[in-house]
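Reproduced below: final_36.cif, with mmCIF, C-alpha atoms.
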```
data_data
#
loop_
_atom_site.label_atom_id
_atom_site.label_comp_id
_atom_site.auth_asym_id
_atom_site.auth_seq_id
_atom_site.Cartn_x
_atom_site.Cartn_y
_atom_site.Cartn_z
CA MET A 1 13.01 -16.83 60.94
CA SER A 2 14.91 -19.83 59.68
CA ARG A 3 16.21 -20.08 56.16
CA LYS A 4 13.84 -22.95 55.37
CA ILE A 5 10.76 -20.96 56.43
CA LYS A 6 11.95 -17.89 54.53
CA LYS A 7 12.44 -20.00 51.41
CA TYR A 8 8.93 -21.42 51.87
CA TYR A 9 7.34 -17.96 52.04
CA LEU A 10 9.34 -16.75 49.05
CA ALA A 11 8.07 -19.73 47.05
CA ILE A 12 4.48 -18.91 48.03
CA ILE A 13 4.93 -15.29 46.92
CA ARG A 14 6.60 -16.31 43.67
CA TYR A 15 3.94 -18.83 42.69
CA GLY A 16 1.20 -16.47 43.83
CA LEU A 17 2.51 -13.80 41.45
CA LEU A 18 2.71 -16.33 38.63
CA VAL A 19 -0.90 -17.41 39.23
CA PHE A 20 -2.01 -13.77 39.31
CA ILE A 21 -0.22 -12.95 36.04
CA ALA A 22 -1.63 -16.09 34.39
CA ALA A 23 -5.13 -15.15 35.57
CA LEU A 24 -4.79 -11.70 33.97
CA PHE A 25 -4.11 -13.31 30.59
CA VAL A 26 -6.51 -16.25 30.82
CA SER A 27 -9.55 -14.57 32.37
CA PRO A 28 -10.52 -12.58 29.21
CA LEU A 29 -10.35 -15.78 27.16
CA ILE A 30 -12.56 -17.62 29.64
CA TRP A 31 -15.02 -14.71 29.67
CA ILE A 32 -15.25 -14.68 25.86
CA PHE A 33 -15.70 -18.45 25.79
CA LEU A 34 -18.52 -18.42 28.37
CA SER A 35 -20.22 -15.41 26.77
CA SER A 36 -20.34 -17.21 23.41
CA PHE A 37 -22.90 -19.62 24.90
CA LYS A 38 -25.20 -16.90 26.25
CA SER A 39 -28.08 -15.08 24.64
CA LYS A 40 -27.91 -11.36 24.06
CA ALA A 41 -30.31 -10.68 26.94
CA GLU A 42 -28.28 -12.80 29.34
CA ILE A 43 -25.03 -11.08 28.37
CA LEU A 44 -26.55 -7.68 29.13
CA ALA A 45 -28.21 -8.86 32.35
CA ASN A 46 -25.33 -10.94 33.73
CA PRO A 47 -22.13 -10.25 31.73
CA TRP A 48 -19.72 -11.81 34.27
CA GLY A 49 -21.64 -14.90 35.34
CA PHE A 50 -21.85 -18.42 33.95
CA PRO A 51 -24.47 -19.04 31.26
CA SER A 52 -27.72 -20.41 32.63
CA LYS A 53 -27.93 -22.63 29.53
CA PHE A 54 -25.20 -23.46 27.04
CA PHE A 55 -26.71 -22.37 23.72
CA LEU A 56 -24.78 -23.72 20.72
CA GLY A 57 -26.89 -21.91 18.15
CA ASN A 58 -24.69 -18.80 18.38
CA PHE A 59 -21.87 -20.66 16.64
CA ALA A 60 -24.05 -21.79 13.75
CA VAL A 61 -25.50 -18.32 13.20
CA ALA A 62 -22.09 -16.63 13.45
CA TRP A 63 -20.55 -19.17 11.06
CA VAL A 64 -23.19 -18.53 8.40
CA GLN A 65 -23.70 -14.78 8.77
CA GLY A 66 -20.00 -14.04 9.13
CA ASP A 67 -18.97 -16.43 6.35
CA LEU A 68 -16.31 -17.75 8.71
CA GLY A 69 -15.54 -20.79 6.58
CA ARG A 70 -14.19 -18.66 3.75
CA ILE A 71 -12.44 -16.29 6.15
CA LEU A 72 -10.66 -19.14 7.95
CA LEU A 73 -9.59 -20.54 4.59
CA ASN A 74 -8.21 -17.14 3.56
CA SER A 75 -6.23 -16.70 6.76
CA THR A 76 -4.96 -20.29 6.70
CA LEU A 77 -3.73 -19.91 3.11
CA VAL A 78 -2.05 -16.56 3.73
CA THR A 79 -0.56 -17.48 7.11
CA PHE A 80 0.81 -20.92 6.21
CA THR A 81 2.24 -19.74 2.88
CA SER A 82 3.81 -16.64 4.39
CA THR A 83 5.28 -18.56 7.33
CA ILE A 84 6.83 -21.30 5.19
CA LEU A 85 8.28 -18.82 2.68
CA THR A 86 9.70 -16.74 5.53
CA ILE A 87 11.52 -19.76 6.98
CA ILE A 88 12.78 -20.84 3.54
CA CYS A 89 14.27 -17.38 2.95
CA ALA A 90 15.52 -16.77 6.49
CA ALA A 91 17.22 -20.12 7.25
CA PRO A 92 20.00 -19.88 4.60
CA ALA A 93 20.58 -16.21 5.42
CA ALA A 94 20.78 -16.94 9.16
CA TYR A 95 23.21 -19.79 8.51
CA TYR A 96 25.57 -17.68 6.42
CA PHE A 97 25.44 -14.73 8.81
CA SER A 98 26.16 -16.93 11.84
CA ARG A 99 28.55 -19.60 10.49
CA VAL A 100 30.29 -18.25 7.38
CA SER A 101 32.77 -15.40 6.98
CA PHE A 102 32.02 -13.35 3.84
CA ARG A 103 31.88 -9.70 2.83
CA GLY A 104 28.11 -9.49 2.93
CA LYS A 105 28.12 -10.22 6.66
CA ILE A 106 28.18 -6.47 7.24
CA LEU A 107 24.49 -6.42 6.27
CA TYR A 108 23.47 -8.49 9.31
CA HIS A 109 23.02 -5.58 11.72
CA PRO A 110 21.22 -3.28 9.24
CA ILE A 111 18.78 -6.13 8.60
CA LEU A 112 18.17 -6.48 12.34
CA LEU A 113 17.74 -2.72 12.71
CA SER A 114 14.85 -2.89 10.25
CA MET A 115 12.83 -4.66 12.98
CA VAL A 116 12.55 -1.42 14.95
CA ILE A 117 10.90 0.46 12.06
CA PRO A 118 7.19 0.91 12.89
CA ILE A 119 4.89 -0.85 10.46
CA ILE A 120 2.90 2.35 9.99
CA VAL A 121 5.99 3.90 8.34
CA LEU A 122 6.16 1.03 5.85
CA MET A 123 2.50 0.95 4.88
CA ILE A 124 2.43 3.72 2.29
CA PRO A 125 5.70 2.77 0.51
CA MET A 126 4.70 -0.89 0.46
CA ALA A 127 1.21 -0.11 -0.87
CA PHE A 128 2.71 2.19 -3.52
CA LEU A 129 5.22 -0.49 -4.58
CA GLU A 130 2.56 -3.19 -4.79
CA THR A 131 0.33 -0.89 -6.82
CA LYS A 132 3.17 -0.40 -9.31
CA LEU A 133 3.70 -4.18 -9.44
CA ASN A 134 -0.06 -4.71 -9.87
CA ILE A 135 -0.29 -7.08 -6.90
CA ILE A 136 -2.26 -4.81 -4.58
CA ASN A 137 -5.48 -6.35 -3.24
CA THR A 138 -4.27 -9.91 -3.94
CA TYR A 139 -3.16 -12.87 -1.86
CA SER A 140 0.30 -12.73 -3.42
CA GLY A 141 0.70 -9.07 -2.51
CA LEU A 142 -0.23 -9.71 1.12
CA ILE A 143 1.96 -12.82 1.35
CA LEU A 144 5.02 -11.06 -0.08
CA ALA A 145 4.50 -8.16 2.33
CA TYR A 146 4.35 -10.52 5.30
CA VAL A 147 7.45 -12.42 4.16
CA ALA A 148 9.46 -9.21 3.76
CA LEU A 149 8.24 -7.92 7.11
CA HIS A 150 9.13 -11.03 9.14
CA ILE A 151 12.39 -12.18 7.55
CA PRO A 152 14.56 -9.99 9.87
CA LEU A 153 13.00 -11.44 13.03
CA SER A 154 13.37 -14.98 11.68
CA ILE A 155 17.02 -14.37 10.81
CA PHE A 156 17.64 -13.02 14.31
CA ILE A 157 16.10 -16.05 16.05
CA LEU A 158 17.69 -18.68 13.81
CA ALA A 159 21.13 -17.03 13.72
CA ASN A 160 21.30 -16.95 17.52
CA PHE A 161 20.40 -20.63 17.62
CA PHE A 162 22.90 -21.58 14.91
CA MET A 163 25.66 -19.81 16.87
CA SER A 164 25.05 -22.15 19.80
CA LEU A 165 25.70 -25.27 17.71
CA PRO A 166 29.12 -26.97 17.88
CA ARG A 167 31.29 -26.67 14.80
CA LEU A 168 32.60 -30.25 14.90
CA LEU A 169 29.86 -31.75 12.75
CA GLU A 170 30.10 -28.90 10.29
CA GLU A 171 33.88 -29.26 9.99
CA ALA A 172 33.55 -33.01 9.52
CA ALA A 173 31.08 -32.44 6.68
CA LEU A 174 33.48 -29.96 5.04
CA LEU A 175 36.27 -32.54 5.22
CA ASP A 176 33.96 -35.05 3.53
CA GLY A 177 33.52 -32.65 0.63
CA ALA A 178 30.06 -31.28 1.44
CA CYS A 179 29.18 -27.81 0.17
CA ARG A 180 27.55 -25.16 2.33
CA PHE A 181 24.07 -25.92 1.04
CA GLU A 182 24.48 -29.63 1.84
CA ILE A 183 25.74 -28.79 5.33
CA LEU A 184 22.71 -26.57 5.91
CA ARG A 185 20.29 -29.17 4.60
CA TYR A 186 21.72 -32.38 6.05
CA VAL A 187 23.56 -31.20 9.18
CA ILE A 188 22.30 -27.86 10.51
CA LEU A 189 18.56 -28.03 9.82
CA PRO A 190 17.95 -31.56 11.21
CA ILE A 191 19.47 -30.61 14.58
CA SER A 192 17.78 -27.20 14.55
CA LYS A 193 14.18 -28.39 14.65
CA PRO A 194 13.46 -26.70 18.02
CA ALA A 195 14.55 -23.33 16.60
CA ILE A 196 12.66 -23.90 13.35
CA PHE A 197 9.44 -24.78 15.16
CA SER A 198 9.76 -21.93 17.65
CA THR A 199 10.28 -19.49 14.78
CA LEU A 200 7.35 -21.00 12.92
CA SER A 201 5.09 -20.54 15.93
CA ILE A 202 6.12 -16.90 16.48
CA ILE A 203 5.73 -15.93 12.83
CA PHE A 204 2.44 -17.83 12.57
CA ILE A 205 0.97 -15.93 15.52
CA LEU A 206 2.16 -12.55 14.23
CA ILE A 207 0.72 -13.09 10.75
CA TRP A 208 -2.52 -14.72 11.93
CA ASN A 209 -3.33 -11.66 14.09
CA GLU A 210 -1.91 -8.96 11.80
CA PHE A 211 -4.40 -6.21 10.97
CA THR A 212 -2.73 -2.95 9.91
CA LEU A 213 -0.89 -4.12 6.80
CA ALA A 214 -3.82 -6.26 5.66
CA LEU A 215 -6.12 -3.25 5.99
CA VAL A 216 -3.94 -1.29 3.55
CA ILE A 217 -3.33 -4.06 1.00
CA ILE A 218 -6.69 -5.91 0.96
CA ALA A 219 -9.88 -4.07 0.04
CA ASP A 220 -12.26 -6.75 -1.32
CA PRO A 221 -14.32 -8.56 1.38
CA PRO A 222 -13.91 -11.99 -0.32
CA LEU A 223 -10.15 -11.70 0.34
CA PHE A 224 -10.45 -10.61 3.98
CA THR A 225 -8.34 -12.33 6.60
CA ILE A 226 -9.62 -12.92 10.13
CA PRO A 227 -8.72 -9.52 11.70
CA LEU A 228 -10.32 -7.62 8.82
CA ALA A 229 -13.41 -9.83 8.78
CA LEU A 230 -13.88 -9.57 12.55
CA LYS A 231 -13.74 -5.80 12.33
CA ALA A 232 -16.38 -5.78 9.60
CA PHE A 233 -18.44 -8.44 11.38
CA ALA A 234 -18.35 -6.64 14.72
CA GLY A 235 -19.32 -3.43 12.96
CA SER A 236 -22.27 -5.05 11.19
CA TYR A 237 -23.44 -6.89 14.31
CA SER A 238 -22.17 -4.50 16.99
CA TYR A 239 -25.21 -5.13 19.17
CA GLU A 240 -25.29 -8.91 18.64
CA TYR A 241 -22.65 -9.59 21.26
CA GLN A 242 -23.26 -13.33 21.37
CA LEU A 243 -22.40 -13.64 17.67
CA VAL A 244 -19.22 -11.61 18.04
CA PHE A 245 -18.09 -13.78 20.97
CA ALA A 246 -18.94 -16.99 19.13
CA SER A 247 -16.98 -15.88 16.07
CA LEU A 248 -13.98 -14.97 18.26
CA VAL A 249 -13.95 -18.46 19.76
CA MET A 250 -14.11 -20.19 16.38
CA VAL A 251 -11.45 -18.14 14.62
CA ASN A 252 -8.99 -18.43 17.52
CA LEU A 253 -9.38 -22.19 17.94
CA PRO A 254 -6.90 -23.02 15.11
CA LEU A 255 -4.35 -20.68 16.66
CA ILE A 256 -4.68 -22.39 20.04
CA LEU A 257 -4.26 -25.81 18.45
CA VAL A 258 -1.09 -24.68 16.65
CA LEU A 259 0.34 -23.29 19.89
CA VAL A 260 -0.42 -26.50 21.78
CA PHE A 261 1.23 -28.57 19.05
CA LEU A 262 4.36 -26.38 18.86
CA GLN A 263 4.69 -25.57 22.57
CA LYS A 264 7.30 -28.23 23.32
CA HIS A 265 9.45 -27.23 20.35
CA PHE A 266 9.03 -23.55 21.20
CA VAL A 267 10.38 -24.00 24.73
CA LYS A 268 13.26 -26.18 23.50
CA GLY A 269 14.25 -23.55 20.94
CA ILE A 270 14.32 -20.76 23.51
CA LEU A 271 16.35 -22.78 26.04
CA ARG A 272 18.83 -24.02 23.44
CA GLY A 273 19.35 -20.54 22.01
CA ALA A 274 19.90 -19.12 25.50
CA ARG A 275 22.72 -21.52 26.34
CA ARG A 276 25.30 -19.48 24.51
CA TYR A 277 24.73 -16.65 26.98
#
```

Since I need it in another form, could you write the structure as structure tokens?
Amino acid sequence: MSRKIKKYYLAIIRYGLLVFIAALFVSPLIWIFLSSFKSKAEILANPWGFPSKFFLGNFAVAWVQGDLGRILLNSTLVTFTSTILTIICAAPAAYYFSRVSFRGKILYHPILLSMVIPIIVLMIPMAFLETKLNIINTYSGLILAYVALHIPLSIFILANFFMSLPRLLEEAALLDGACRFEILRYVILPISKPAIFSTLSIIFILIWNEFTLALVIIADPPLFTIPLALKAFAGSYSYEYQLVFASLVMVNLPLILVLVFLQKHFVKGILRGARRY
């Protein structure tokens, strides 16, 4: 077998595996989307087939009965606020850990080690602390918990990207009399947009889908985020499958739009951060 033919077969196997892996991830989403247009009887009779008629009424009923407008607003407020605050706190820390020599640099690895602590270990201490601070069962309590939880990961991603940047621009700014904050704001951050956007997308996804910590901190249904509301909604309408599927489609649509918008920046951030290796 010639080298050209062998390379051709290897390409077929490689792309075949990629298509198979992609199908494993995409097929459940397609199934949920198609099932959201079916009636309950059709889902039970033909769960894997295409809907005989695309019924849009499921979305209206699920929106009203599940109060999805309020739930989406809750999750949007908590997720956007937590994500922005996480980046604001993590970017200066990542810059100093990666570009500046100071005594506190010894804290970098302990901060990263905190990422391996299971969230279930942190739930009780965090709930106890927020109870003492009187911010339990509030948006602010949930937002602060998310910020504290995701700062180490953000520092790790941004610090690795900052290390890949050349020092020439930074040294030129120092010669011009710029302070460290001005260098971060006017030199480092403008050329670090791929890393910023990739970190934003990762943190956004993690917070948007987070369930365990929200279950401990939030108790009032009017404050529920999407994972909590879907659990309650699916429990209340456990036999109304069409409503559950319709609600899943609607609450995940904003997440898909965010991923599509940030996809280019996400890939750029990963490739740029990998260059140093």

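Taking only C-alpha atoms into account, the polymer residues that have an atom no farther than 10 Å from (24.3, -18.5, 6.4) are Ala90, Ala91, Pro92, Ala93, Ala94, Tyr95, Tyr96, Phe97, Ser98, Arg99, Val100, Ser101, Phe102, Lys105, Ile155, Leu158, Ala159, Phe162, Arg180, Phe181 and Leu184 of chain A.
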
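Taking CA of Leu223 in chain A and CA of Ile117 in chain A as the two end points, the separation is 27.0 Å.
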
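When only C-alpha atoms are used to measure the gap to Trp208 in chain A, the shortest distance among A:Ser36, A:Thr83, A:Ser192, A:Gln65 belongs to A:Thr83.
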
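Distances here use all atoms listed in the file; by that measure, the residue among A:Ala232, A:Leu149, A:Ala219, A:Leu24 closest to Ile207 in chain A is A:Leu149.
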
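In this model, the gap between CA of Ile157 in chain A and CA of Ser198 in chain A comes to 8.8 Å.
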
**Request:** Please provide as a PyMOL selection string all residues within 8 Å of Ser75 in chain A, with the sequence filter that same-chain residues fewer than 6 positions apart are discarded (counting only C-alpha atoms).
**Result:** chain A and resi 208+224-226

Could you write out the selected residues, including C-alpha atoms, as a PDB file, in the coordinates of the input?
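Output below, filename part_24.pdb:
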```pdb
ATOM      1  CA  TRP A 208      -2.520 -14.720  11.930  1.00  0.00           C
ATOM      2  CA  PHE A 224     -10.450 -10.610   3.980  1.00  0.00           C
ATOM      3  CA  THR A 225      -8.340 -12.330   6.600  1.00  0.00           C
ATOM      4  CA  ILE A 226      -9.620 -12.920  10.130  1.00  0.00           C
TER       5      ILE A 226
END
```

**Prompt:** Got a sec to resolve the PyMOL selection byres ((chain A and resi 222) around 12) on this structure and send the residues as a PyMOL selection string?
**Reply:** chain A and resi 66-75+137-139+218-221+223-226+228-229+232

How would the residues just picked look written out with C-alpha atoms as a PDB file, in the coordinates of the input?
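The result, written out as out19.pdb:
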```
ATOM      1  CA  GLY A  66     -20.000 -14.040   9.130  1.00  0.00           C
ATOM      2  CA  ASP A  67     -18.970 -16.430   6.350  1.00  0.00           C
ATOM      3  CA  LEU A  68     -16.310 -17.750   8.710  1.00  0.00           C
ATOM      4  CA  GLY A  69     -15.540 -20.790   6.580  1.00  0.00           C
ATOM      5  CA  ARG A  70     -14.190 -18.660   3.750  1.00  0.00           C
ATOM      6  CA  ILE A  71     -12.440 -16.290   6.150  1.00  0.00           C
ATOM      7  CA  LEU A  72     -10.660 -19.140   7.950  1.00  0.00           C
ATOM      8  CA  LEU A  73      -9.590 -20.540   4.590  1.00  0.00           C
ATOM      9  CA  ASN A  74      -8.210 -17.140   3.560  1.00  0.00           C
ATOM     10  CA  SER A  75      -6.230 -16.700   6.760  1.00  0.00           C
ATOM     11  CA  ASN A 137      -5.480  -6.350  -3.240  1.00  0.00           C
ATOM     12  CA  THR A 138      -4.270  -9.910  -3.940  1.00  0.00           C
ATOM     13  CA  TYR A 139      -3.160 -12.870  -1.860  1.00  0.00           C
ATOM     14  CA  ILE A 218      -6.690  -5.910   0.960  1.00  0.00           C
ATOM     15  CA  ALA A 219      -9.880  -4.070   0.040  1.00  0.00           C
ATOM     16  CA  ASP A 220     -12.260  -6.750  -1.320  1.00  0.00           C
ATOM     17  CA  PRO A 221     -14.320  -8.560   1.380  1.00  0.00           C
ATOM     18  CA  LEU A 223     -10.150 -11.700   0.340  1.00  0.00           C
ATOM     19  CA  PHE A 224     -10.450 -10.610   3.980  1.00  0.00           C
ATOM     20  CA  THR A 225      -8.340 -12.330   6.600  1.00  0.00           C
ATOM     21  CA  ILE A 226      -9.620 -12.920  10.130  1.00  0.00           C
ATOM     22  CA  LEU A 228     -10.320  -7.620   8.820  1.00  0.00           C
ATOM     23  CA  ALA A 229     -13.410  -9.830   8.780  1.00  0.00           C
ATOM     24  CA  ALA A 232     -16.380  -5.780   9.600  1.00  0.00           C
TER      25      ALA A 232
END
```

Since the input is missing atoms, can you rebuild N, CA and C atoms for range 146-174 of chain A and write them as a short mmCIF file (atom, residue, chain, number, x, y, z; two decimals), keeping the file's coordinate frame?
```cif
data_model
loop_
_atom_site.label_atom_id
_atom_site.label_comp_id
_atom_site.auth_asym_id
_atom_site.auth_seq_id
_atom_site.Cartn_x
_atom_site.Cartn_y
_atom_site.Cartn_z
N TYR A 146 4.09 -9.85 4.02
CA TYR A 146 4.35 -10.52 5.30
C TYR A 146 5.73 -11.17 5.32
N VAL A 147 6.13 -11.78 4.22
CA VAL A 147 7.45 -12.42 4.16
C VAL A 147 8.55 -11.37 4.35
N ALA A 148 8.45 -10.26 3.63
CA ALA A 148 9.46 -9.21 3.76
C ALA A 148 9.49 -8.62 5.16
N LEU A 149 8.33 -8.53 5.79
CA LEU A 149 8.24 -7.92 7.11
C LEU A 149 8.84 -8.80 8.20
N HIS A 150 8.74 -10.14 8.06
CA HIS A 150 9.13 -11.03 9.14
C HIS A 150 10.45 -11.77 8.91
N ILE A 151 11.08 -11.55 7.78
CA ILE A 151 12.39 -12.18 7.55
C ILE A 151 13.43 -11.70 8.57
N PRO A 152 13.54 -10.40 8.89
CA PRO A 152 14.56 -9.99 9.87
C PRO A 152 14.42 -10.68 11.22
N LEU A 153 13.20 -10.77 11.74
CA LEU A 153 13.00 -11.44 13.03
C LEU A 153 13.38 -12.91 12.95
N SER A 154 13.03 -13.57 11.86
CA SER A 154 13.37 -14.98 11.68
C SER A 154 14.88 -15.18 11.61
N ILE A 155 15.56 -14.29 10.89
CA ILE A 155 17.02 -14.37 10.81
C ILE A 155 17.63 -14.21 12.20
N PHE A 156 17.12 -13.27 12.96
CA PHE A 156 17.64 -13.02 14.31
C PHE A 156 17.50 -14.26 15.20
N ILE A 157 16.33 -14.88 15.20
CA ILE A 157 16.10 -16.05 16.05
C ILE A 157 16.96 -17.23 15.61
N LEU A 158 16.95 -17.52 14.31
CA LEU A 158 17.69 -18.68 13.81
C LEU A 158 19.20 -18.49 13.92
N ALA A 159 19.68 -17.28 13.64
CA ALA A 159 21.13 -17.03 13.72
C ALA A 159 21.64 -17.22 15.14
N ASN A 160 20.89 -16.76 16.13
CA ASN A 160 21.30 -16.95 17.52
C ASN A 160 21.32 -18.43 17.90
N PHE A 161 20.40 -19.19 17.35
CA PHE A 161 20.40 -20.63 17.62
C PHE A 161 21.57 -21.32 16.92
N PHE A 162 21.80 -20.97 15.66
CA PHE A 162 22.90 -21.58 14.91
C PHE A 162 24.25 -21.30 15.58
N MET A 163 24.40 -20.13 16.19
CA MET A 163 25.66 -19.81 16.87
C MET A 163 25.93 -20.73 18.05
N SER A 164 24.88 -21.28 18.64
CA SER A 164 25.05 -22.15 19.80
C SER A 164 25.44 -23.58 19.42
N LEU A 165 25.40 -23.92 18.15
CA LEU A 165 25.70 -25.27 17.71
C LEU A 165 27.21 -25.49 17.65
N PRO A 166 27.68 -26.68 18.00
CA PRO A 166 29.12 -26.97 17.88
C PRO A 166 29.54 -27.06 16.42
N ARG A 167 30.78 -26.70 16.16
CA ARG A 167 31.29 -26.67 14.80
C ARG A 167 31.89 -28.01 14.35
N LEU A 168 31.94 -28.99 15.25
CA LEU A 168 32.60 -30.25 14.90
C LEU A 168 31.91 -30.97 13.76
N LEU A 169 30.59 -31.06 13.81
CA LEU A 169 29.86 -31.75 12.75
C LEU A 169 30.00 -31.01 11.42
N GLU A 170 29.96 -29.71 11.50
CA GLU A 170 30.10 -28.90 10.29
C GLU A 170 31.49 -29.06 9.67
N GLU A 171 32.53 -29.08 10.50
CA GLU A 171 33.88 -29.26 9.99
C GLU A 171 34.08 -30.65 9.41
N ALA A 172 33.45 -31.65 10.05
CA ALA A 172 33.55 -33.01 9.52
C ALA A 172 32.89 -33.12 8.14
N ALA A 173 31.75 -32.43 7.98
CA ALA A 173 31.08 -32.44 6.68
C ALA A 173 31.92 -31.74 5.62
N LEU A 174 32.60 -30.66 5.99
CA LEU A 174 33.48 -29.96 5.04
C LEU A 174 34.64 -30.85 4.61
#
```
